[in-house]
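Listing of structure.pdb, PDB, C-alpha atoms
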ATOM      1  CA  MET A   1      91.560 -47.840 -10.492
ATOM      2  CA  LYS A   2      89.416 -48.853 -13.355
ATOM      3  CA  THR A   3      86.777 -50.068 -10.965
ATOM      4  CA  ASN A   4      86.816 -46.805  -9.050
ATOM      5  CA  ASN A   5      86.607 -44.819 -12.206
ATOM      6  CA  ARG A   6      83.623 -46.798 -13.320
ATOM      7  CA  CYS A   7      81.871 -46.135  -9.980
ATOM      8  CA  ILE A   8      82.634 -42.510 -10.270
ATOM      9  CA  GLN A   9      81.273 -42.402 -13.786
ATOM     10  CA  ARG A  10      78.140 -44.236 -12.742
ATOM     11  CA  PHE A  11      77.650 -41.809  -9.813
ATOM     12  CA  HIS A  12      78.029 -38.830 -12.072
ATOM     13  CA  PHE A  13      75.563 -40.390 -14.450
ATOM     14  CA  CYS A  14      72.960 -41.220 -11.781
ATOM     15  CA  ALA A  15      73.377 -38.177  -9.601
ATOM     16  CA  PRO A  16      71.238 -35.879 -11.706
ATOM     17  CA  PHE A  17      68.449 -38.418 -11.782
ATOM     18  CA  MET A  18      68.646 -38.880  -8.009
ATOM     19  CA  ILE A  19      68.537 -35.123  -7.474
ATOM     20  CA  ILE A  20      65.504 -34.863  -9.762
ATOM     21  CA  LEU A  21      63.781 -37.695  -7.889
ATOM     22  CA  ALA A  22      64.539 -36.063  -4.555
ATOM     23  CA  LEU A  23      63.169 -32.727  -5.729
ATOM     24  CA  PHE A  24      60.099 -34.424  -7.133
ATOM     25  CA  PHE A  25      59.531 -36.255  -3.857
ATOM     26  CA  ILE A  26      59.922 -33.058  -1.807
ATOM     27  CA  THR A  27      57.597 -31.165  -4.137
ATOM     28  CA  SER A  28      54.974 -33.877  -4.016
ATOM     29  CA  VAL A  29      55.152 -34.084  -0.206
ATOM     30  CA  SER A  30      54.888 -30.323   0.234
ATOM     31  CA  SER A  31      52.011 -30.104  -2.213
ATOM     32  CA  CYS A  32      50.147 -32.966  -0.576
ATOM     33  CA  SER A  33      50.398 -31.824   3.071
ATOM     34  CA  PRO A  34      48.399 -28.531   2.705
ATOM     35  CA  LYS A  35      45.668 -30.393   0.916
ATOM     36  CA  ASN A  36      45.448 -32.837   3.804
ATOM     37  CA  ASP A  37      45.345 -29.973   6.359
ATOM     38  CA  LYS A  38      42.642 -28.266   4.366
ATOM     39  CA  ALA A  39      40.707 -31.476   4.142
ATOM     40  CA  GLN A  40      41.068 -31.966   7.856
ATOM     41  CA  THR A  41      39.903 -28.377   8.459
ATOM     42  CA  GLN A  42      36.929 -28.886   6.180
ATOM     43  CA  GLU A  43      36.136 -32.122   7.965
ATOM     44  CA  GLN A  44      36.421 -30.430  11.363
ATOM     45  CA  GLU A  45      34.149 -27.489  10.417
ATOM     46  CA  PRO A  46      31.207 -29.663   9.394
ATOM     47  CA  LEU A  47      31.836 -31.669  12.526
ATOM     48  CA  GLN A  48      31.710 -28.529  14.633
ATOM     49  CA  ASP A  49      28.610 -27.375  12.766
ATOM     50  CA  SER A  50      26.992 -30.721  13.343
ATOM     51  CA  VAL A  51      27.912 -30.543  17.041
ATOM     52  CA  GLN A  52      26.486 -27.021  17.308
ATOM     53  CA  THR A  53      23.401 -28.090  15.400
ATOM     54  CA  SER A  54      22.947 -31.092  17.643
ATOM     55  CA  GLN A  55      23.414 -28.871  20.715
ATOM     56  CA  SER A  56      20.863 -26.363  19.434
ATOM     57  CA  VAL A  57      18.488 -29.202  18.690
ATOM     58  CA  GLN A  58      18.971 -30.497  22.211
ATOM     59  CA  VAL A  59      18.346 -26.997  23.606
ATOM     60  CA  GLN A  60      15.222 -26.660  21.510
ATOM     61  CA  GLU A  61      14.125 -30.099  22.604
ATOM     62  CA  GLN A  62      14.677 -29.077  26.220
ATOM     63  CA  GLU A  63      12.823 -25.756  25.815
ATOM     64  CA  SER A  64       9.981 -27.015  23.670
ATOM     65  CA  PRO A  65       8.338 -29.226  26.331
ATOM     66  CA  SER A  66       7.927 -26.221  28.674
ATOM     67  CA  VAL A  67       6.378 -24.150  25.905
ATOM     68  CA  VAL A  68       4.061 -26.961  24.957
ATOM     69  CA  GLN A  69       3.257 -27.512  28.603
ATOM     70  CA  ASP A  70       2.394 -23.826  29.101
ATOM     71  CA  ASN A  71       0.230 -23.785  26.000
ATOM     72  CA  THR A  72      -1.411 -26.994  27.084
ATOM     73  CA  SER A  73      -1.963 -25.496  30.527
ATOM     74  CA  ASN A  74      -3.563 -22.369  29.105
ATOM     75  CA  VAL A  75      -5.705 -24.322  26.714
ATOM     76  CA  SER A  76      -6.825 -26.683  29.449
ATOM     77  CA  GLN A  77      -7.567 -23.909  31.961
ATOM     78  CA  GLU A  78      -9.741 -21.800  29.678
ATOM     79  CA  PRO A  79     -12.227 -24.557  28.857
ATOM     80  CA  THR A  80     -12.259 -25.566  32.536
ATOM     81  CA  GLU A  81     -13.146 -22.037  33.648
ATOM     82  CA  ALA A  82     -15.691 -21.695  30.872
ATOM     83  CA  MET A  83     -17.171 -25.060  31.783
ATOM     84  CA  GLY A  84     -17.328 -23.995  35.433
ATOM     85  CA  GLU A  85     -19.200 -20.816  34.522
ATOM     86  CA  LYS A  86     -21.578 -22.740  32.269
ATOM     87  CA  GLU A  87     -22.183 -25.295  34.991
ATOM     88  CA  ALA A  88     -22.911 -22.510  37.507
ATOM     89  CA  GLU A  89     -25.268 -20.831  35.048
ATOM     90  CA  SER A  90     -27.036 -24.095  34.292
ATOM     91  CA  GLU A  91     -27.291 -24.853  38.006
ATOM     92  CA  ASN A  92     -28.785 -21.412  38.670
ATOM     93  CA  ALA A  93     -31.137 -21.878  35.743
ATOM     94  CA  LEU A  94     -32.315 -25.161  37.245
ATOM     95  CA  ASN A  95     -32.906 -23.474  40.611
ATOM     96  CA  ILE A  96     -34.814 -20.467  39.243
ATOM     97  CA  LEU A  97     -38.211 -20.307  40.881
ATOM     98  CA  ASP A  98     -41.285 -21.315  38.859
ATOM     99  CA  ILE A  99     -44.449 -19.749  40.267
ATOM    100  CA  THR A 100     -46.613 -22.537  38.825
ATOM    101  CA  THR A 101     -44.924 -25.162  41.014
ATOM    102  CA  LEU A 102     -45.776 -23.448  44.312
ATOM    103  CA  ASP A 103     -48.634 -24.382  46.618
ATOM    104  CA  LEU A 104     -49.885 -20.904  47.463
ATOM    105  CA  ASN A 105     -52.235 -22.148  50.165
ATOM    106  CA  ALA A 106     -49.258 -23.645  52.013
ATOM    107  CA  LEU A 107     -47.313 -20.377  51.693
ATOM    108  CA  ARG A 108     -50.066 -18.056  52.924
ATOM    109  CA  LEU A 109     -49.045 -16.198  56.051
ATOM    110  CA  LYS A 110     -50.920 -13.798  58.328
ATOM    111  CA  PRO A 111     -48.143 -12.137  60.338
ATOM    112  CA  SER A 112     -50.501 -10.380  62.765
ATOM    113  CA  CYS A 113     -51.356 -13.791  64.232
ATOM    114  CA  TYR A 114     -47.869 -13.767  65.732
ATOM    115  CA  ILE A 115     -48.424 -10.485  67.568
ATOM    116  CA  SER A 116     -49.464 -11.183  71.136
ATOM    117  CA  GLU A 117     -52.160  -9.115  72.895
ATOM    118  CA  GLU A 118     -49.608  -8.109  75.523
ATOM    119  CA  LYS A 119     -47.934  -5.997  72.851
ATOM    120  CA  GLY A 120     -51.055  -3.854  72.582
ATOM    121  CA  LEU A 121     -52.767  -5.375  69.549
ATOM    122  CA  ASN A 122     -56.531  -5.313  70.173
ATOM    123  CA  SER A 123     -57.855  -7.717  67.558
ATOM    124  CA  SER A 124     -61.471  -6.827  68.317
ATOM    125  CA  ILE A 125     -61.168  -3.460  66.611
ATOM    126  CA  ILE A 126     -58.644  -4.469  63.935
ATOM    127  CA  TYR A 127     -59.514  -5.895  60.545
ATOM    128  CA  ASP A 128     -56.694  -7.983  59.146
ATOM    129  CA  HIS A 129     -57.619  -9.433  55.782
ATOM    130  CA  SER A 130     -54.047  -9.167  54.507
ATOM    131  CA  ASP A 131     -51.685 -12.034  53.793
ATOM    132  CA  ILE A 132     -48.091 -12.398  52.663
ATOM    133  CA  TYR A 133     -46.662 -15.237  50.547
ATOM    134  CA  PHE A 134     -42.861 -15.434  50.706
ATOM    135  CA  LEU A 135     -41.780 -17.011  47.409
ATOM    136  CA  GLY A 136     -37.979 -16.977  47.116
ATOM    137  CA  PHE A 137     -34.664 -15.160  47.475
ATOM    138  CA  SER A 138     -31.660 -14.352  45.324
ATOM    139  CA  SER A 139     -28.054 -14.627  46.471
ATOM    140  CA  ASP A 140     -27.602 -10.833  46.324
ATOM    141  CA  GLY A 141     -30.373  -9.725  48.687
ATOM    142  CA  LYS A 142     -33.533  -9.769  46.595
ATOM    143  CA  LEU A 143     -36.860 -11.142  47.833
ATOM    144  CA  ALA A 144     -39.962 -12.128  45.871
ATOM    145  CA  TYR A 145     -43.309 -12.180  47.671
ATOM    146  CA  ILE A 146     -47.035 -11.748  47.176
ATOM    147  CA  TYR A 147     -48.956  -9.227  49.227
ATOM    148  CA  GLU A 148     -52.729  -9.376  49.127
ATOM    149  CA  GLN A 149     -55.196  -7.170  50.931
ATOM    150  CA  PHE A 150     -58.983  -7.307  51.115
ATOM    151  CA  LEU A 151     -60.266  -3.811  51.853
ATOM    152  CA  GLU A 152     -63.559  -3.477  53.684
ATOM    153  CA  GLY A 153     -64.592  -0.212  52.092
ATOM    154  CA  LYS A 154     -63.527  -1.262  48.614
ATOM    155  CA  GLY A 155     -65.046  -4.725  48.720
ATOM    156  CA  CYS A 156     -62.379  -6.504  46.669
ATOM    157  CA  THR A 157     -58.878  -7.888  46.946
ATOM    158  CA  ASP A 158     -55.761  -6.027  45.903
ATOM    159  CA  VAL A 159     -52.989  -8.405  44.835
ATOM    160  CA  TYR A 160     -49.350  -7.371  44.478
ATOM    161  CA  VAL A 161     -46.326  -9.396  43.386
ATOM    162  CA  PHE A 162     -43.143  -7.677  44.545
ATOM    163  CA  ILE A 163     -39.436  -8.187  43.982
ATOM    164  CA  GLN A 164     -37.700  -6.097  46.629
ATOM    165  CA  ASP A 165     -34.052  -5.270  47.163
ATOM    166  CA  LEU A 166     -33.478  -5.939  50.865
ATOM    167  CA  VAL A 167     -30.231  -3.931  50.768
ATOM    168  CA  THR A 168     -32.008  -0.677  49.901
ATOM    169  CA  ASP A 169     -35.624  -1.759  50.597
ATOM    170  CA  LYS A 170     -36.599  -0.477  47.159
ATOM    171  CA  ILE A 171     -39.226  -2.297  45.089
ATOM    172  CA  LEU A 172     -37.434  -3.361  41.896
ATOM    173  CA  TRP A 173     -40.398  -4.962  40.150
ATOM    174  CA  GLN A 174     -44.150  -4.962  40.748
ATOM    175  CA  LEU A 175     -47.233  -6.548  39.224
ATOM    176  CA  ASP A 176     -50.741  -5.878  40.561
ATOM    177  CA  ASN A 177     -54.428  -6.102  39.738
ATOM    178  CA  LEU A 178     -55.366  -2.572  40.695
ATOM    179  CA  ASP A 179     -56.886  -1.932  37.268
ATOM    180  CA  ASN A 180     -59.319  -4.831  37.769
ATOM    181  CA  GLU A 181     -62.280  -4.138  40.035
ATOM    182  CA  GLY A 182     -63.002  -7.806  40.707
ATOM    183  CA  PHE A 183     -65.413  -8.493  43.574
ATOM    184  CA  ASP A 184     -64.156 -11.974  44.260
ATOM    185  CA  ASP A 185     -63.161 -13.801  47.410
ATOM    186  CA  LEU A 186     -59.565 -13.377  48.484
ATOM    187  CA  GLU A 187     -58.257 -16.840  47.624
ATOM    188  CA  SER A 188     -59.731 -17.211  44.167
ATOM    189  CA  THR A 189     -58.694 -13.676  43.184
ATOM    190  CA  THR A 190     -55.055 -14.267  44.105
ATOM    191  CA  VAL A 191     -54.822 -17.748  42.583
ATOM    192  CA  SER A 192     -56.475 -16.717  39.327
ATOM    193  CA  PHE A 193     -54.302 -13.604  39.105
ATOM    194  CA  ILE A 194     -51.114 -15.624  39.563
ATOM    195  CA  LYS A 195     -52.144 -18.262  37.020
ATOM    196  CA  LYS A 196     -53.066 -15.623  34.482
ATOM    197  CA  ASN A 197     -49.723 -13.838  34.852
ATOM    198  CA  ALA A 198     -47.439 -16.831  35.520
ATOM    199  CA  LYS A 199     -45.322 -16.274  32.401
ATOM    200  CA  THR A 200     -44.666 -12.609  33.228
ATOM    201  CA  ILE A 201     -43.854 -13.444  36.850
ATOM    202  CA  ASN A 202     -41.427 -16.224  35.895
ATOM    203  CA  GLU A 203     -39.638 -13.890  33.484
ATOM    204  CA  ALA A 204     -39.091 -11.480  36.383
ATOM    205  CA  PHE A 205     -37.745 -14.342  38.500
ATOM    206  CA  VAL A 206     -35.207 -15.105  35.772
ATOM    207  CA  LYS A 207     -34.225 -11.431  35.430
ATOM    208  CA  TYR A 208     -33.605 -11.014  39.170
ATOM    209  CA  ASN A 209     -32.291 -14.558  39.740
ATOM    210  CA  ILE A 210     -34.960 -15.542  42.262
ATOM    211  CA  GLN A 211     -34.138 -19.055  43.450
ATOM    212  CA  GLN A 212     -36.149 -21.836  45.002
ATOM    213  CA  SER A 213     -35.747 -21.097  48.697
ATOM    214  CA  ASP A 214     -36.598 -22.129  52.205
ATOM    215  CA  CYS A 215     -38.917 -19.320  53.331
ATOM    216  CA  SER A 216     -39.608 -20.490  56.867
ATOM    217  CA  TYR A 217     -41.227 -17.743  58.913
ATOM    218  CA  LYS A 218     -39.939 -17.341  62.471
ATOM    219  CA  MET A 219     -40.442 -15.141  65.495
ATOM    220  CA  LEU A 220     -37.907 -12.614  66.710
ATOM    221  CA  PRO A 221     -35.330 -12.437  68.132
ATOM    222  CA  TYR A 222     -33.102 -14.051  65.517
ATOM    223  CA  THR A 223     -30.437 -16.242  67.150
ATOM    224  CA  ASN A 224     -27.494 -18.137  65.725
ATOM    225  CA  ASN A 225     -24.275 -19.382  67.369
ATOM    226  CA  GLY A 226     -24.581 -17.098  70.374
ATOM    227  CA  GLU A 227     -25.494 -14.037  68.309
ATOM    228  CA  SER A 228     -28.939 -12.473  68.331
ATOM    229  CA  ILE A 229     -30.854  -9.638  66.678
ATOM    230  CA  ASN A 230     -34.097  -8.075  67.802
ATOM    231  CA  ILE A 231     -36.133  -5.154  66.463
ATOM    232  CA  GLU A 232     -37.306  -2.184  68.471
ATOM    233  CA  VAL A 233     -39.962   0.304  67.320
ATOM    234  CA  GLN A 234     -39.573   3.863  68.567
ATOM    235  CA  ILE A 235     -42.746   5.949  68.161
ATOM    236  CA  THR A 236     -42.948   9.705  68.618
ATOM    237  CA  ASP A 237     -46.343  11.367  68.840
ATOM    238  CA  THR A 238     -46.065  14.599  66.912
ATOM    239  CA  GLY A 239     -49.110  16.099  68.661
ATOM    240  CA  LYS A 240     -50.695  16.759  65.299
ATOM    241  CA  LEU A 241     -54.070  15.367  64.237
ATOM    242  CA  PHE A 242     -55.571  14.351  60.937
ATOM    243  CA  HIS A 243     -59.314  15.169  60.579
ATOM    244  CA  GLU A 244     -59.200  16.405  64.166
ATOM    245  CA  TYR A 245     -59.038  12.960  65.790
ATOM    246  CA  LEU A 246     -56.535  10.706  63.928
ATOM    247  CA  LYS A 247     -53.077  11.077  65.399
ATOM    248  CA  ILE A 248     -49.968  11.640  63.345
ATOM    249  CA  ILE A 249     -46.734   9.956  64.430
ATOM    250  CA  ASP A 250     -43.068   9.530  63.551
ATOM    251  CA  TYR A 251     -41.551   6.096  64.007
ATOM    252  CA  SER A 252     -38.288   4.224  63.499
ATOM    253  CA  CYS A 253     -37.449   0.511  63.340
ATOM    254  CA  ILE A 254     -34.119  -0.194  65.019
ATOM    255  CA  ALA A 255     -32.142  -3.443  64.993
ATOM    256  CA  VAL A 256     -30.291  -4.327  68.215
ATOM    257  CA  ASN A 257     -27.758  -7.159  68.479
ATOM    258  CA  ASN A 258     -26.601  -9.089  71.541
ATOM    259  CA  LYS A 259     -23.739  -6.600  72.016
ATOM    260  CA  LYS A 260     -26.299  -3.775  72.415
ATOM    261  CA  GLN A 261     -25.159  -2.285  69.139
ATOM    262  CA  LYS A 262     -27.905  -0.594  67.126
ATOM    263  CA  LYS A 263     -28.722   0.439  63.578
ATOM    264  CA  THR A 264     -31.793   2.075  62.082
ATOM    265  CA  LEU A 265     -33.577   0.059  59.418
ATOM    266  CA  SER A 266     -36.364   2.505  58.595
ATOM    267  CA  SER A 267     -37.710   5.888  59.654
ATOM    268  CA  LYS A 268     -41.031   7.480  58.733
ATOM    269  CA  LYS A 269     -42.416  10.908  59.568
ATOM    270  CA  ASP A 270     -45.916  12.340  59.750
ATOM    271  CA  GLU A 271     -47.712   9.037  59.295
ATOM    272  CA  VAL A 272     -51.429   8.734  60.102
ATOM    273  CA  ILE A 273     -50.943   5.518  62.057
ATOM    274  CA  GLU A 274     -52.352   4.266  65.318
ATOM    275  CA  ASP A 275     -49.546   1.832  66.131
ATOM    276  CA  VAL A 276     -46.633  -0.192  64.716
ATOM    277  CA  PHE A 277     -45.723  -3.832  65.503
ATOM    278  CA  VAL A 278     -42.846  -6.155  64.682
ATOM    279  CA  CYS A 279     -44.201  -9.512  63.504
ATOM    280  CA  GLY A 280     -41.293 -11.840  62.639
ATOM    281  CA  TYR A 281     -38.694 -12.623  59.997
ATOM    282  CA  VAL A 282     -37.593 -14.906  57.173
ATOM    283  CA  LYS A 283     -33.863 -15.510  56.630
ATOM    284  CA  ASN A 284     -32.316 -15.483  53.193
ATOM    285  CA  PRO A 285     -30.727 -18.970  52.890
ATOM    286  CA  TYR A 286     -28.090 -17.659  50.443
ATOM    287  CA  GLU A 287     -26.647 -14.855  52.584
ATOM    288  CA  ASP A 288     -26.666 -13.408  56.120
ATOM    289  CA  ARG A 289     -29.702 -11.182  55.728
ATOM    290  CA  LEU A 290     -33.166 -11.116  57.279
ATOM    291  CA  ALA A 291     -36.509 -10.015  55.847
ATOM    292  CA  ILE A 292     -38.301  -8.347  58.786
ATOM    293  CA  VAL A 293     -42.106  -8.033  58.677
ATOM    294  CA  ILE A 294     -43.569  -4.813  60.145
ATOM    295  CA  ALA A 295     -47.299  -4.287  60.710
ATOM    296  CA  GLU A 296     -48.793  -0.799  60.629
ATOM    297  CA  GLN A 297     -52.157  -0.309  62.328
ATOM    298  CA  ARG A 298     -53.760   2.245  60.028
ATOM    299  CA  TYR A 299     -57.173   3.868  60.181
ATOM    300  CA  GLY A 300     -59.639   2.218  57.818
ATOM    301  CA  PHE A 301     -63.287   2.197  56.785
ATOM    302  CA  GLU A 302     -64.821   1.012  60.075
ATOM    303  CA  GLY A 303     -61.859   0.729  62.392
ATOM    304  CA  CYS A 304     -58.195  -0.064  61.802
ATOM    305  CA  ASP A 305     -56.653  -2.114  59.018
ATOM    306  CA  ILE A 306     -53.292  -3.865  59.092
ATOM    307  CA  HIS A 307     -50.763  -2.960  56.417
ATOM    308  CA  TYR A 308     -47.546  -4.944  56.128
ATOM    309  CA  HIS A 309     -44.077  -3.819  55.134
ATOM    310  CA  VAL A 310     -40.852  -5.786  54.678
ATOM    311  CA  LEU A 311     -37.476  -4.429  55.806
ATOM    312  CA  GLY A 312     -34.049  -5.861  55.063
ATOM    313  CA  CYS A 313     -31.552  -6.366  57.868
ATOM    314  CA  ALA A 314     -27.942  -7.473  57.327
ATOM    315  CA  ILE A 315     -26.905  -9.717  60.196
ATOM    316  CA  ASN A 316     -23.190  -8.928  60.425
ATOM    317  CA  SER A 317     -22.857  -5.349  59.234
ATOM    318  CA  GLY A 318     -24.136  -1.842  59.840
ATOM    319  CA  PHE A 319     -24.135  -1.930  63.642
TER     320      PHE A 319
END

Could the structure of this file be written out as structure tokens, please?
Amino acid sequence: MKTNNRCIQRFHFCAPFMIILALFFITSVSSCSPKNDKAQTQEQEPLQDSVQTSQSVQVQEQESPSVVQDNTSNVSQEPTEAMGEKEAESENALNILDITTLDLNALRLKPSCYISEEKGLNSSIIYDHSDIYFLGFSSDGKLAYIYEQFLEGKGCTDVYVFIQDLVTDKILWQLDNLDNEGFDDLESTTVSFIKKNAKTINEAFVKYNIQQSDCSYKMLPYTNNGESINIEVQITDTGKLFHEYLKIIDYSCIAVNNKKQKKTLSSKKDEVIEDVFVCGYVKNPYEDRLAIVIAEQRYGFEGCDIHYHVLGCAINSGF
């Protein structure tokens, strides 16, 4: 009994302390667990932020190459196009015709020599002291040429340098010596005139983009790959007279292709002309267009003189 009483006494003595310890333990556990959860939450949020940040970085890394590639593409294309334009301009500049490099004697052409007598040209009563020098073409239908004419009654040579639009047949630029009454022979007058005005002529070549060209003169009809073009002259006698004995005519130059299709290149009315002839052509090497040479047999000082005209003819259009 004594032993039991002692145990009971000891239990009563220790019980309060055990209860206090238990409460302290429970309090400490409950106070520690929220802190751990909060710590875990705080640890998870930075982790999620870091994951999102890493994902956004990856997205940016994936998107940025395409943006850089596009910018690189644009940057690389612009200089390439600019370089291409500069190269084309420099190439054209290199090909611009220089009048001082031409052998004019080699370029001199007398188109009436290509008109046969069977076409009605009676050379015994015709004075042809005119020549044409085909110089060069542009890629948009312009032709540069020299036209010189020694007139019997005047006794000197008229020299013209023309740049003509073969699309409209209008003369775009002209230089001549009509204000100089030089009584010189034909060759020296033309050569000296060209040398004297070479700078002005070359500036016009630059302005109208006249290129070094193959100006081979050929007889009609024009043929190429089964296609052909010829020129017909239709003359109408008006019945009227000039000075009572020089006839006045209307005439048209008509192009006819191998399909019998036609188009009118030029028409003139009330011209004091004896006859009209088609001489030949020169093809523009830069486009499908012909320069057709027409000879007018006009009344002159002591007979008839030949006057030349150039007409443009597109090969594949207008029929």

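Considering the residues A:Gln261, A:Ser138, A:Ser112, A:Thr238 and counting only C-alpha atoms, A:Tyr208 has its shortest atom-to-atom contact with A:Ser138.
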
- Task: Using all atoms listed in the file, find the one residue out of A:Lys170, A:His129, A:Arg108, A:Lys263 that sits nearest to A:Cys304.
- Result: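 Going through A:Lys170, A:His129, A:Arg108, A:Lys263 one by one, the smallest distance to A:Cys304 is for A:His129.
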
- Query: For A:Val276, which of A:Asp288, A:Asp250, A:Asp214, A:Glu227 is the closest residue, counting all atoms listed in the file?
  - Reply: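 Result for the nearest residue to A:Val276: A:Asp250.
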
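Picture a line from atom CA of A:Leu290 to atom CA of A:Pro111; it runs 15.3 Å.
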
- Message: Evaluated on this file, the PyMOL selection byres ((chain A and resi 285) around 12) picks out some residues - which ones are they, written as a list of chain:residue names?
- Response: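 So the PyMOL selection byres ((chain A and resi 285) around 12) ends up selecting A:Gly136, A:Phe137, A:Ser138, A:Ser139, A:Asp140, A:Gly141, A:Lys142, A:Leu143, A:Ile210, A:Gln211, A:Gln212, A:Ser213, A:Asp214, A:Cys215, A:Ser216, A:Val282, A:Lys283, A:Asn284, A:Tyr286, A:Glu287, A:Asp288, A:Arg289, A:Leu290, A:Ala291.
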
Mind giving me the axis-aligned box for stretch 288-307 of chain A with 3 Å on every side, centre plus edges in Å to one decimal, as AutoDock Vina command-line options?
--center_x -45.7 --center_y -4.8 --center_z 59.1 --size_x 44.2 --size_y 23.3 --size_z 12.7

- Task: Please write the residues picked by the PyMOL selection byres ((chain A and resi 195) around 12) on this file as a PyMOL selection string.
- Result: chain A and resi 98-104+188-194+196-202

- Message: Which residues would end up in the selection if the PyMOL selection byres ((chain A and resi 316) around 10) were applied here, given that I need the answer as number ranges by chain?
- Response: A: 227, 229, 257, 288-289, 313-315, 317-319

- Message: Under the rule that only C-alpha atoms are counted, which of A:Lys259, A:Lys269, A:Lys240, A:Lys247 is the nearest residue to A:Gln297?
- Response: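 So, comparing all the options, the nearest one is A:Lys247.
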
- Note on the structure: re atom CA of A:Leu172 and atom CA of A:Val159: distance 16.6 Å

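The space separating atom CA of A:Ile231 from atom CA of A:Thr168 comes to 17.6 Å.
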
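For the residues A:Ile132, A:Leu109, A:Ile249, A:Ile146, ranking by smallest atom-to-atom distance to A:Tyr308 using only C-alpha atoms places A:Ile132 first.
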
- Message: Would you pick out the contacts of A:Gln149 at 6 Å or less, using all atoms listed in the file, so that residues sharing its chain but fewer than 3 positions from it are not included, and give the list as a ChimeraX atom specification?
- Response: /A:129-130,157-158
